[in-house]
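Visitor: Structure provided below as structure tokens; questions to follow.
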Amino acid sequence: MTHGEHSWTADIVLEERPDLLQRIERYRKRYPSRDVEAYIERVKQDARLDKAKQYLLAQAHARARRIGSSCMTYIEQSLQQGRYAEEYLKGNAYPFERMLHYIENGSRIDLYCQDFREVDLPENSIDWIITDPPYPQKYLPLYRDLALFARRVLRPGGGLLAMVGQSYLPEIFQLMSVEGLKYNWTLCYLTPGGQSPQLWQRKVNTFWKPVLWFSKGENKRWIGDVVKSDVNDNDKTYHFWGQSVSGMTDLLQKVSYVGETILDPFMGGGATGAACLLHRRHFIGIEIEKGVFATAEERLRALQKAL
């Protein structure tokens, strides 16, 4: 799809849009001293965005023969939010192409009961790694291995989001500083409610944790840097270190698009996978512990079937 072939990419002719002229006139009357030219450009941009939304919706419906009504409703809601249209207008068709691929082919979920360092995934094949590695000091070497793994499997522009405990942040930053993987930002993951862990050795009740964001190459996505779980949604049903689906959903939706491939190399109870299935992302999960893996696999296969 190229922009040149679509009439909606042409400039907005205000004389052909009485609704836009009325909007501009209301602005003139309400704010007579303000710069109307800047507002006119904003109105035109809103109109372009609306036309792009309608075009993308039509394209999605044309490919929607193989998906159910609930999935199509989710697709429609996602397109109406405007993120896909905004990127498309900028010349970035990748998010919408991922969505179309999902519509045509459905969800994919691949699960591995292995050490992530031994799983042979194709290079440059993963959009996002979203994971929650173990926090105790004895596991610190895993963070360097995770960074090296991410550098290999992430596609250019892809990202790694790793939840970490605060106790060993200086060591973790040093371990994850590998050539070819660039530190981008630290997100704040809030866990509101009465579920605060008490860290006796540090004398801290903590209601948040850092999420370190590394990019493979240049990052081109704008995101907000605060995510949170629902209040008291401290879900340990499937794993004693498990995260809530609500929290992983907020994180997932902030950074990724429908149809992108998300990898969790420390799958645990499968919260990241559940969020991916519910929000129409492909998921690859890796878990080394056989019992934990069996529980997560049963959970995710049942959810996939239900959807």
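Here's how to read the names in the structure tokens: chain A, B, ... by the order shown, residue numbers from 1 in each chain, ligand numbers from 1 in the order shown.
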Using DSSP on the backbone coordinates, identify the residues of stretch 57-284 of chain A assigned to alpha helix (DSSP H); present them as a ChimeraX atom specification.

Guide: /A:57-62,69-80,83-89,94-105,141-153,169-176,245-255,271-278

Visitor: Using only C-alpha atoms, determine which residues lie at most 12 Å from A:Ala306, disregarding the query and same-chain residues fewer than 5 positions distant; provide the list as a list in words.

Guide: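 Final neighbour list, sorted by chain and number: Gly68, Ser70, Ala274, Leu277, Leu278, Arg299, Leu300 and Arg301 of chain A.
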
Visitor: Name the residues in contact with A:Thr272 at a cut-off of 9 Å, using only C-alpha atoms, excluding same-chain residues fewer than 6 positions from it; report them as a list in words.

Guide: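 The neighbour list is Ile130, Thr131, Gln243, Ser244, Val245, Met248, Thr249, Leu252, Ile262, Leu263, Asp264, Phe283 and Gly285 of chain A.
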
Visitor: Let's see if you can do this: from backbone DSSP, list all strand (DSSP E) residues in stretch 87-236 of chain A, as a PyMOL selection string.

Guide: chain A and resi 109-112+126-131+154-163+182-190+198-199+204-205+208-215+226-228

Visitor: With N, CA and C atoms retained, write the just-selected residues as a CSV table (one decimal), in the first residue's frame.

Guide:
```csv
chain,number,residue,atom,x,y,z
A,109,ILE,N,0.8,-19.1,19.0
A,109,ILE,CA,1.4,-19.2,20.3
A,109,ILE,C,2.4,-20.3,20.3
A,110,ASP,N,3.6,-20.1,20.6
A,110,ASP,CA,4.7,-21.1,20.7
A,110,ASP,C,5.3,-21.2,22.1
A,111,LEU,N,5.3,-22.3,22.7
A,111,LEU,CA,5.8,-22.5,24.0
A,111,LEU,C,6.9,-23.5,24.1
A,112,TYR,N,8.0,-23.1,24.9
A,112,TYR,CA,9.2,-24.0,25.0
A,112,TYR,C,9.5,-24.2,26.4
A,126,ILE,N,11.7,-10.9,16.5
A,126,ILE,CA,10.8,-10.6,17.6
A,126,ILE,C,10.6,-9.1,17.7
A,127,ASP,N,9.4,-8.7,17.9
A,127,ASP,CA,9.1,-7.2,18.0
A,127,ASP,C,9.4,-6.7,19.4
A,128,TRP,N,9.0,-7.5,20.4
A,128,TRP,CA,9.2,-7.0,21.8
A,128,TRP,C,9.5,-8.3,22.7
A,129,ILE,N,10.4,-8.1,23.6
A,129,ILE,CA,10.6,-9.0,24.7
A,129,ILE,C,10.1,-8.3,25.9
A,130,ILE,N,9.1,-8.9,26.5
A,130,ILE,CA,8.5,-8.3,27.8
A,130,ILE,C,8.6,-9.4,28.8
A,131,THR,N,9.4,-9.2,29.9
A,131,THR,CA,9.7,-10.3,30.8
A,131,THR,C,9.9,-9.8,32.2
A,154,LEU,N,15.8,-9.8,18.5
A,154,LEU,CA,14.9,-8.7,18.3
A,154,LEU,C,15.1,-8.2,16.8
A,155,ARG,N,14.1,-7.7,16.2
A,155,ARG,CA,14.2,-7.1,14.9
A,155,ARG,C,14.8,-5.7,15.1
A,156,PRO,N,15.4,-5.1,14.1
A,156,PRO,CA,15.9,-3.7,14.2
A,156,PRO,C,14.7,-2.8,14.6
A,157,GLY,N,14.9,-2.0,15.7
A,157,GLY,CA,13.9,-1.1,16.2
A,157,GLY,C,13.1,-1.8,17.3
A,158,GLY,N,13.2,-3.1,17.5
A,158,GLY,CA,12.5,-3.8,18.5
A,158,GLY,C,13.0,-3.4,19.9
A,159,GLY,N,12.2,-3.9,20.9
A,159,GLY,CA,12.6,-3.5,22.3
A,159,GLY,C,12.6,-4.6,23.3
A,160,LEU,N,13.3,-4.4,24.3
A,160,LEU,CA,13.4,-5.3,25.5
A,160,LEU,C,12.9,-4.5,26.7
A,161,LEU,N,11.8,-5.1,27.3
A,161,LEU,CA,11.3,-4.5,28.6
A,161,LEU,C,11.5,-5.5,29.7
A,162,ALA,N,12.4,-5.3,30.6
A,162,ALA,CA,12.7,-6.2,31.7
A,162,ALA,C,12.3,-5.6,33.0
A,163,MET,N,11.4,-6.2,33.7
A,163,MET,CA,11.1,-5.8,35.1
A,163,MET,C,12.3,-6.2,36.0
A,182,LYS,N,20.7,-0.7,23.1
A,182,LYS,CA,20.8,0.6,23.6
A,182,LYS,C,19.8,0.8,24.7
A,183,TYR,N,20.3,1.3,25.9
A,183,TYR,CA,19.4,1.7,27.0
A,183,TYR,C,18.5,2.9,26.5
A,184,ASN,N,17.2,2.8,26.7
A,184,ASN,CA,16.3,3.9,26.2
A,184,ASN,C,15.7,4.6,27.4
A,185,TRP,N,15.1,3.9,28.3
A,185,TRP,CA,14.4,4.5,29.4
A,185,TRP,C,14.1,3.5,30.5
A,186,THR,N,13.7,4.1,31.7
A,186,THR,CA,13.2,3.2,32.8
A,186,THR,C,11.7,3.6,33.0
A,187,LEU,N,10.8,2.6,32.9
A,187,LEU,CA,9.4,2.8,33.1
A,187,LEU,C,9.1,2.5,34.6
A,188,CYS,N,8.0,3.1,35.1
A,188,CYS,CA,7.6,2.9,36.4
A,188,CYS,C,6.3,2.0,36.4
A,189,TYR,N,6.4,0.8,37.0
A,189,TYR,CA,5.3,-0.1,37.0
A,189,TYR,C,4.7,-0.1,38.4
A,190,LEU,N,3.5,0.5,38.5
A,190,LEU,CA,2.9,0.7,39.8
A,190,LEU,C,2.1,-0.6,40.2
A,198,GLN,N,7.3,-6.1,51.7
A,198,GLN,CA,8.2,-5.4,52.7
A,198,GLN,C,9.6,-6.0,52.6
A,199,LEU,N,10.5,-5.1,52.2
A,199,LEU,CA,11.9,-5.5,52.1
A,199,LEU,C,12.6,-5.2,53.4
A,204,VAL,N,12.0,-1.0,53.4
A,204,VAL,CA,11.2,-0.3,52.4
A,204,VAL,C,9.9,-1.1,52.2
A,205,ASN,N,8.8,-0.4,52.1
A,205,ASN,CA,7.6,-1.0,51.6
A,205,ASN,C,7.5,-0.4,50.2
A,208,TRP,N,6.1,-0.1,43.7
A,208,TRP,CA,6.4,0.0,42.2
A,208,TRP,C,7.7,-0.8,42.0
A,209,LYS,N,7.9,-1.0,40.7
A,209,LYS,CA,9.2,-1.6,40.3
A,209,LYS,C,9.6,-1.0,39.0
A,210,PRO,N,10.9,-0.9,38.7
A,210,PRO,CA,11.4,-0.4,37.5
A,210,PRO,C,11.2,-1.4,36.3
A,211,VAL,N,11.0,-0.9,35.1
A,211,VAL,CA,11.0,-1.7,33.9
A,211,VAL,C,12.0,-1.1,33.0
A,212,LEU,N,13.1,-1.8,32.8
A,212,LEU,CA,14.2,-1.2,32.0
A,212,LEU,C,13.9,-1.5,30.5
A,213,TRP,N,14.1,-0.4,29.7
A,213,TRP,CA,13.7,-0.5,28.3
A,213,TRP,C,15.0,-0.3,27.5
A,214,PHE,N,15.3,-1.4,26.7
A,214,PHE,CA,16.5,-1.3,25.8
A,214,PHE,C,16.0,-1.5,24.4
A,215,SER,N,16.6,-0.8,23.5
A,215,SER,CA,16.2,-0.9,22.1
A,215,SER,C,17.4,-1.5,21.2
A,226,VAL,N,4.6,5.4,32.7
A,226,VAL,CA,4.0,4.8,33.9
A,226,VAL,C,3.0,3.8,33.5
A,227,VAL,N,3.1,2.6,34.0
A,227,VAL,CA,2.1,1.6,33.8
A,227,VAL,C,1.7,1.0,35.2
A,228,LYS,N,0.6,0.3,35.2
A,228,LYS,CA,0.1,-0.1,36.5
A,228,LYS,C,-0.8,-1.3,36.4
```

Visitor: Just the number, please: distance in Å from atom CA of A:Glu118 to atom CA of A:Tyr143, one decimal.

Guide: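 Those two atoms sit 15.2 Å apart.
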
Visitor: Using only C-alpha atoms, find the one residue out of A:Cys276, A:Cys71, A:Met99, A:Met267 that sits nearest to A:Ser246.

Guide: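 Smallest separation from A:Ser246 among the options: A:Cys276.
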
Visitor: Excluding same-chain residues fewer than 5 positions from A:Glu104, what lies within 12 Å of it counting only C-alpha atoms, as a ChimeraX atom specification?

Guide: /A:59-68,71-72,97-99,259
